[in-house]
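Below: the structure, in structure tokens.
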Amino acid sequence: MSDYQDSCSMTPPMSPVNFPIQLEEDDVPVKKLHIDEEPCNDLPACFCCLGQVNPSDHDATHTDGHLRRRTLERLLHGSDPDFSSFQTTTCELFGYQFTTQLALQEMMDKLFLFARQQIGKLENMRGDQFGVGHPEDFMAIRHNICTFLEYIKVYVCRYVNDNKWDDFVTKLCQQLHVMLLYIGRLSELPPHRLGNGASRHGNMCPSSAYHVFHLHLDIHWAVLEIVHLVTSRHQGVSGSVCWCHYADGETGEDVFSQCVQLLMWDLLLLAINRHSQISLPEYAKTTPFHCTCIRELWILLIHLLDYRHDHMGKDSFWITLDQALQYVVQERVCLEETTDAELDSDVSPLPPSYQCASPTGFCWWLTTHLAPLYFYTSTGEYNRDNKIKGNYMFVVQSLLKALVSGNSRQNEASMRCYLKCCLSLSEIWEPEMDVLHILWEHFYKRLNDQFQTTGLGLQGLAKVSKTALAWVDVCKRRCRDHSGIEQDNSFYLFLRLLGVHLGRQSKGGVTHGWRQMKGRFYSKFHQRRMQELTETGLYNFSSLFLTLALIGDLEDVAGKMGDLYDMLKFESLDHARRAMVWKGAFSMLLLRVENGSDISVYADRLVQGFSAVCWEFSQKVEDPSRRHQLWSLLNIYLDSTQDVFEASERLSCSEHKLLGSAFAQVLPACSENELRSVLTFLQMIMARHRSIYKRAMYQSQGLLTVHQVYPAQQYRGVSDALWMFTYSFIKDHSCTLTPPPQLADVAASFTLLAVDLPPGPSTGLKEDFLSSFLYFGHSANVNASVTCRYLSHMLPNQTVLDKLAASLPHYQTQLIQAWFKCVLQVHGDSNQVQELTRLILKLPEMSEIFSQAQVEPADSYNLVVLQFVKALGRGFRTIEGLKNKIAFRNRAAGYFGEVTKHMTPVLKKGGPPEALRAIYTIAGHMVKHCSPLLYAKSKCDCLLPTILDKLVLPHVLFSSSKTIAPDVMTAIRDHLHLFVQGLGKLDYRQDPYIQRQLRNIVCQYMTRFPVKSTSSLGAAHIHPLVVSLNGSYSKSSTEEATSLREYVLELVRDNLLPLKGTSVPASASTALTYIGEVWQKTTSHRTVARDCKPLLHTVLDYVLLCDVLSTKQQATYLLQYMLEASKRAPDAMSVESIAAIIKDYLNKHVRLHHTKTFKTIETVSLIYPDVIRQLIPTLTQTVKDIEVKRGVGMDSNLRQSYITVLRNLGEEGQTVIAQLQQ
């Protein structure tokens, strides 16, 4: 075998030929990492790994790699690869000394043989059972080989002369080819070496697989560098060796192109291998790079190929890559022939055999990750300002056209993935209209498609914006950034591409692209096409035009969109398409308002449709589903109009035209929930209008008068529309029984609006601030909930208080009256009443009332109102002088106002219970503490009679055919005592009206409630007339309380206990029980003793005359209780006074019931004998008179009864007995 054949053999000989010292393969000395002996050479650059590639990590290369060591920069500039290396006469290669200038020329075969031996040695160093060894040993071999390859580059640059160039280059290329054949294809490395080829530990990795993989990278790149040096220094070198051939029989043009194709196909096969392991959603997160060194190798290729393109006229990186990817897209491989003619084993077939499940997807994925590599400089710095070279020719011609062609139509998931890749490329490449042309031709035919992805559930559905504002925001976000891209379907991704390409051209001042695309878009839509659009189609159509408006000519696009909408007859559209048209139109309105453009023409179109819907809605549609559809359309209009107002900076774009006359139709037709929505809309519109108007007024201060007038005229349109179409309804509805809370908010806004912009002449209304305030804040007709919330909005405003003080002298009195009305009518745990109470307490007049009464306001409004009533009563009692009292009474009447009118609605309905409880509590305390204030005998219109007639003694009480509602009766039971105690403060002994009312109360309610309370029921169910006398139960009772007690007992006696002969009234038992209950609660014997005056005679009558046993026992018990109390408190009721009552009783009954009468006297004698002793002479004479009158002599039975009495009287009785017996 010849030397050439031996040197080109893939199997190295065991020892170098013709070398002075015969060495075995393993005898080549290993170069250490650090050598101190001379001559020394710096270690060459080699690939050093940073592990797996993170797409978001732009720190692409290791500091010891080729880029950071600037080897590429020197290579591209034609500089010496390493000025500091190989400068001595001799150099060390593979552990031996060689003459630097002659070694490669004279000993090329031997040096390459050493290199192959070192490669074989590294591949055979398996380490331990896990393939782990010492990284120093691995790196020593790699550095030996890299030093040799570095020596070749230096030698080519420094020492080769032209005379020997052809032979040298030919031989060198042959040896390089042999080395590549020896190490084999990079893509053919065993899977375990590819799988373990990445490590974040870099070259300190102990894995042999890592170092073998990276040695292959070192050799492939070094060979490419050497071939570049050779071909760049001598352009005529073509290379006599064929390294590869293609499936179509073509071979590379020169050695460099063949070398590049071999390396690029290796990298492509590695990428195809990774692509087969990922799914579509992983395209963005997974790169084609096994490790950072593969990415660095791609970067090196990009710069090297583009340099040769710019300076040598060779193919650029993208062209070279496209040539290879064409085979992938067309799925062509170089299959081995089955004929007898065998291919040369030293020539690599291109493309090699491979399996790619999705060639189109692979090309998108690879291109997407390779394009950003252009941001890296030749020194490895990442700079996004670098101008990027695009590759639209391949993307458009080979990928996009294939993507949308009918023969290879992709599913939605693939389309989404590929368009995301296209979007990523478009962001970094220059705009290209051909991309949009191809995609638009695809999508305009499919506007009605759902673009749904199967298997993704809700994520696979298109997201439709709920409001016009959200729609605009989505379109803006698509044109601004790529947040939320994962939820976009393929059509939305197309819109993003539209924003990228046309938007960047518009920003750059280039308009021809816009003009060109505008015609393509507009021409696709005509009346038939518009009518074919479904709800989804209209949404996609509108999204397209909104995107065009954002990136193109807004006026032109808005006008065209409006014209196209006009091709649709609104009344003939179904509900879904109507809603979509309105949303789209309002979205365009929002863009125009943000741009400061007038919207009057577009607003008129919308108002026409709105009026039609409002008219139908106001006709009381009976079909619930149809009414729901109409309301949803109205809701869209309201929400969108609100968004327009909020988007406007000055309301100078004719926004008022959206507030049409149809509002006057729709408001009365709304249900409660619907009305809340409309009122909330009005409130937001008015708040926005007032805010902008105030800001404009503030900004116009200091300018000329003519400029100050302008803003008022500018905002007059909005205010007049509100006054004309909604204010009358607000006034009327505020007087209904259940107005929504939002109505008060709108009313407050109208009152504030009246300060600056009262109704203009065109509205036909005569309203100003004061009339509006008095209506909503003080009118008795307005619902209290409206008044309460309204005042809570108005009173914190100091401007409002100042205007009231200037216009109403007694505004504080009117505010207190309004508050009192609210407390009476707004019930439950109302935060609104609590807030209003807090504001009212700040009024000076209110503070004066509480301070004079020396009362500290409580925290709860329920207690504050009672404190207020008590303070008024206390204040009236402290005032002296008739004139002052009259003035105070008139002032208090102003506070209370038409209090009974405020109570009437609740009383008529007989509930709810909490409302009745609140009314009776307040009214009861009013009567209890302020009865002298509420009642004047000389005034027929005073409050007390009305309160009693409404709450305590209503007419239904006296009707046998009608009954009082149970809840009302419960409220009366719980609060009647307050009214009785209040009446007790008046002159009931002299005033017939008060007497009559107290008598009616006692007569009507004594028998309506159970008198006898049990312990299980508790104090809450004690009879109210028993509670009424609470003040007299204690030992320290006042004269007022005891006097009322006496009068009430007299009323009980006269009206409930009258005896007609022996006939007992039905109320007798109840009345006697009541008296017993009163005495049981009385702790003072003196008070019970004083009850003898009104009750003793009646009780004695019942003991004598009552035939009902239970009633007689009750009377006997009361007689005993009363006499025992009198016996214990003789100073309260003297013996003589009691004796006088008994004497009168005796004179009344003894002649008809002499035996029974003496029996009753006997009972008294047993309990209180001192009283009967006072009556001995009277009793003795009475006996004698009876006997005389009868004329039959001595009556033994009568005398025996009398003697029985006398026996209980001690010595005085015995003496009389002796006299009678004589």
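Going through the structure tokens in order, the chains are called A, B, and so on, while each chain numbers its residues from 1 and the ligands are numbered from 1 in the order shown.
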Got a sec: who's within 8 Å of stretch 947-957 of chain A, counting only C-alpha atoms, leaving out chain neighbours fewer than 5 positions off, as number ranges by chain? A: 900, 904, 907, 920, 923, 962-964, 972, 976, 979, 1000-1001, 1004
Please, could you write that set of residues out with N, CA and C atoms as a short mmCIF file (atom, residue, chain, number, x, y, z; two decimals), in the first residue's frame?
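So result.cif came out as:
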data_model
loop_
_atom_site.label_atom_id
_atom_site.label_comp_id
_atom_site.auth_asym_id
_atom_site.auth_seq_id
_atom_site.Cartn_x
_atom_site.Cartn_y
_atom_site.Cartn_z
N THR A 900 -96.96 62.18 61.42
CA THR A 900 -97.98 61.14 61.28
C THR A 900 -98.15 60.72 59.83
N THR A 904 -98.02 56.81 58.26
CA THR A 904 -99.24 56.25 57.69
C THR A 904 -99.01 55.05 56.77
N LEU A 907 -98.46 51.95 58.80
CA LEU A 907 -99.64 51.59 59.57
C LEU A 907 -100.72 50.99 58.69
N TYR A 920 -93.44 53.03 66.61
CA TYR A 920 -94.05 53.11 67.95
C TYR A 920 -93.04 53.51 69.01
N ALA A 923 -92.53 57.38 68.34
CA ALA A 923 -93.75 58.12 68.69
C ALA A 923 -94.04 58.01 70.18
N LYS A 962 -114.20 45.11 62.30
CA LYS A 962 -112.83 45.16 61.82
C LYS A 962 -111.87 44.79 62.93
N THR A 963 -110.70 44.29 62.53
CA THR A 963 -109.68 43.92 63.50
C THR A 963 -108.36 44.60 63.16
N ILE A 964 -107.59 44.79 64.17
CA ILE A 964 -106.26 45.38 63.99
C ILE A 964 -105.28 44.28 63.62
N ILE A 972 -98.40 47.91 69.69
CA ILE A 972 -99.13 48.67 70.71
C ILE A 972 -98.87 48.08 72.09
N LEU A 976 -97.48 50.84 74.52
CA LEU A 976 -98.61 51.61 75.03
C LEU A 976 -98.26 52.37 76.30
N PHE A 979 -97.13 55.97 75.83
CA PHE A 979 -98.19 56.95 75.56
C PHE A 979 -98.95 57.31 76.84
N ASN A 1000 -110.41 55.87 77.12
CA ASN A 1000 -110.48 54.97 75.97
C ASN A 1000 -109.35 53.95 75.99
N ILE A 1001 -108.16 54.41 76.34
CA ILE A 1001 -107.01 53.48 76.39
C ILE A 1001 -107.27 52.38 77.39
N GLN A 1004 -110.25 50.09 76.19
CA GLN A 1004 -110.00 49.30 75.00
C GLN A 1004 -108.92 48.24 75.20
#
What are the nearest atom pairs, with distances in Å to one decimal, for all residues of stretch 207-293 of chain A that come at most 9 Å from stretch 78-97 of chain A, using only C-alpha atoms, set out by chain and rising residue number as CSV?
residue,atom,partner,partner_atom,distance
A:Leu229,CA,A:Gly78,CA,7.9
A:Ser232,CA,A:Gly78,CA,8.7
A:Arg233,CA,A:Gly78,CA,8.8
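With only C-alpha atoms as the basis for measurement, A:Pro190 is the residue among A:Gly559, A:Pro1094, A:Pro190, A:Gly910 that approaches A:Glu123 most closely.
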For A:Asp266, find every residue with an atom within 7 Å (counting only C-alpha atoms), except residues of its own chain fewer than 2 positions away, and show them as a PDB file with all heavy atoms, in the first residue's frame.
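Contents of result-v2.pdb, freshly written:
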ATOM      1  N   ARG A 185     -19.907  10.828  11.270  1.00  0.00           N
ATOM      2  CA  ARG A 185     -20.852  11.928  11.274  1.00  0.00           C
ATOM      3  C   ARG A 185     -21.244  12.287  12.710  1.00  0.00           C
ATOM      4  O   ARG A 185     -21.440  11.424  13.570  1.00  0.00           O
ATOM      5  CB  ARG A 185     -22.118  11.554  10.487  1.00  0.00           C
ATOM      6  CG  ARG A 185     -21.853  11.170   9.043  1.00  0.00           C
ATOM      7  CD  ARG A 185     -21.374  12.366   8.244  1.00  0.00           C
ATOM      8  NE  ARG A 185     -22.408  13.381   8.144  1.00  0.00           N
ATOM      9  CZ  ARG A 185     -23.308  13.409   7.177  1.00  0.00           C
ATOM     10  NH1 ARG A 185     -23.285  12.488   6.226  1.00  0.00           N
ATOM     11  NH2 ARG A 185     -24.193  14.371   7.138  1.00  0.00           N
ATOM     12  N   LEU A 186     -21.397  13.574  12.950  1.00  0.00           N
ATOM     13  CA  LEU A 186     -21.804  14.045  14.277  1.00  0.00           C
ATOM     14  C   LEU A 186     -23.177  13.499  14.650  1.00  0.00           C
ATOM     15  O   LEU A 186     -23.440  13.141  15.801  1.00  0.00           O
ATOM     16  CB  LEU A 186     -21.838  15.582  14.288  1.00  0.00           C
ATOM     17  CG  LEU A 186     -22.172  16.278  15.609  1.00  0.00           C
ATOM     18  CD1 LEU A 186     -21.135  15.963  16.669  1.00  0.00           C
ATOM     19  CD2 LEU A 186     -22.263  17.786  15.397  1.00  0.00           C
ATOM     20  N   SER A 187     -24.024  13.397  13.662  1.00  0.00           N
ATOM     21  CA  SER A 187     -25.387  12.926  13.917  1.00  0.00           C
ATOM     22  C   SER A 187     -25.444  11.428  14.155  1.00  0.00           C
ATOM     23  O   SER A 187     -26.486  10.907  14.562  1.00  0.00           O
ATOM     24  CB  SER A 187     -26.289  13.294  12.737  1.00  0.00           C
ATOM     25  OG  SER A 187     -25.761  12.762  11.530  1.00  0.00           O
ATOM     26  N   LEU A 262     -21.880  19.212   4.918  1.00  0.00           N
ATOM     27  CA  LEU A 262     -21.756  18.073   5.832  1.00  0.00           C
ATOM     28  C   LEU A 262     -22.061  18.490   7.270  1.00  0.00           C
ATOM     29  O   LEU A 262     -22.811  17.824   7.995  1.00  0.00           O
ATOM     30  CB  LEU A 262     -20.353  17.480   5.738  1.00  0.00           C
ATOM     31  CG  LEU A 262     -20.044  16.675   4.475  1.00  0.00           C
ATOM     32  CD1 LEU A 262     -18.559  16.306   4.438  1.00  0.00           C
ATOM     33  CD2 LEU A 262     -20.901  15.413   4.425  1.00  0.00           C
ATOM     34  N   LEU A 263     -21.486  19.611   7.684  1.00  0.00           N
ATOM     35  CA  LEU A 263     -21.699  20.066   9.056  1.00  0.00           C
ATOM     36  C   LEU A 263     -23.151  20.493   9.274  1.00  0.00           C
ATOM     37  O   LEU A 263     -23.767  20.164  10.292  1.00  0.00           O
ATOM     38  CB  LEU A 263     -20.753  21.224   9.369  1.00  0.00           C
ATOM     39  CG  LEU A 263     -20.902  21.861  10.766  1.00  0.00           C
ATOM     40  CD1 LEU A 263     -20.730  20.814  11.860  1.00  0.00           C
ATOM     41  CD2 LEU A 263     -19.905  22.996  10.940  1.00  0.00           C
ATOM     42  N   MET A 264     -23.702  21.208   8.279  1.00  0.00           N
ATOM     43  CA  MET A 264     -25.072  21.703   8.465  1.00  0.00           C
ATOM     44  C   MET A 264     -26.054  20.548   8.527  1.00  0.00           C
ATOM     45  O   MET A 264     -26.995  20.555   9.319  1.00  0.00           O
ATOM     46  CB  MET A 264     -25.422  22.661   7.344  1.00  0.00           C
ATOM     47  CG  MET A 264     -26.775  23.342   7.528  1.00  0.00           C
ATOM     48  SD  MET A 264     -26.975  24.763   6.450  1.00  0.00           S
ATOM     49  CE  MET A 264     -25.894  25.946   7.239  1.00  0.00           C
ATOM     50  N   LEU A 268     -28.637  19.650  11.377  1.00  0.00           N
ATOM     51  CA  LEU A 268     -30.058  19.482  11.082  1.00  0.00           C
ATOM     52  C   LEU A 268     -30.571  18.149  11.611  1.00  0.00           C
ATOM     53  O   LEU A 268     -31.678  18.064  12.157  1.00  0.00           O
ATOM     54  CB  LEU A 268     -30.302  19.580   9.578  1.00  0.00           C
ATOM     55  CG  LEU A 268     -30.169  20.975   8.955  1.00  0.00           C
ATOM     56  CD1 LEU A 268     -30.383  20.896   7.447  1.00  0.00           C
ATOM     57  CD2 LEU A 268     -31.159  21.937   9.577  1.00  0.00           C
ATOM     58  N   LEU A 269     -29.775  17.093  11.447  1.00  0.00           N
ATOM     59  CA  LEU A 269     -30.213  15.788  11.933  1.00  0.00           C
ATOM     60  C   LEU A 269     -30.313  15.767  13.458  1.00  0.00           C
ATOM     61  O   LEU A 269     -31.210  15.138  14.025  1.00  0.00           O
ATOM     62  CB  LEU A 269     -29.258  14.699  11.440  1.00  0.00           C
ATOM     63  CG  LEU A 269     -29.276  14.450   9.924  1.00  0.00           C
ATOM     64  CD1 LEU A 269     -28.279  13.368   9.551  1.00  0.00           C
ATOM     65  CD2 LEU A 269     -30.670  14.058   9.466  1.00  0.00           C
ATOM     66  N   LEU A 270     -29.372  16.462  14.114  1.00  0.00           N
ATOM     67  CA  LEU A 270     -29.492  16.575  15.575  1.00  0.00           C
ATOM     68  C   LEU A 270     -30.788  17.301  15.948  1.00  0.00           C
ATOM     69  O   LEU A 270     -31.491  16.922  16.889  1.00  0.00           O
ATOM     70  CB  LEU A 270     -28.287  17.328  16.139  1.00  0.00           C
ATOM     71  CG  LEU A 270     -26.942  16.610  16.095  1.00  0.00           C
ATOM     72  CD1 LEU A 270     -25.837  17.518  16.657  1.00  0.00           C
ATOM     73  CD2 LEU A 270     -26.986  15.314  16.896  1.00  0.00           C
TER      74      LEU A 270
END
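For stretch 91-254 of chain A, backbone-based DSSP assignment of strand (DSSP E) covers Cys91, Glu92, Leu93, Tyr96, Gln97, Phe98, Thr99, Cys244, His245 and Tyr246 of chain A.
Considering the residues A:Gln825, A:Ser931, A:Gln1221, A:Thr787 and counting only C-alpha atoms, A:Met903 has its shortest atom-to-atom contact with A:Gln825.
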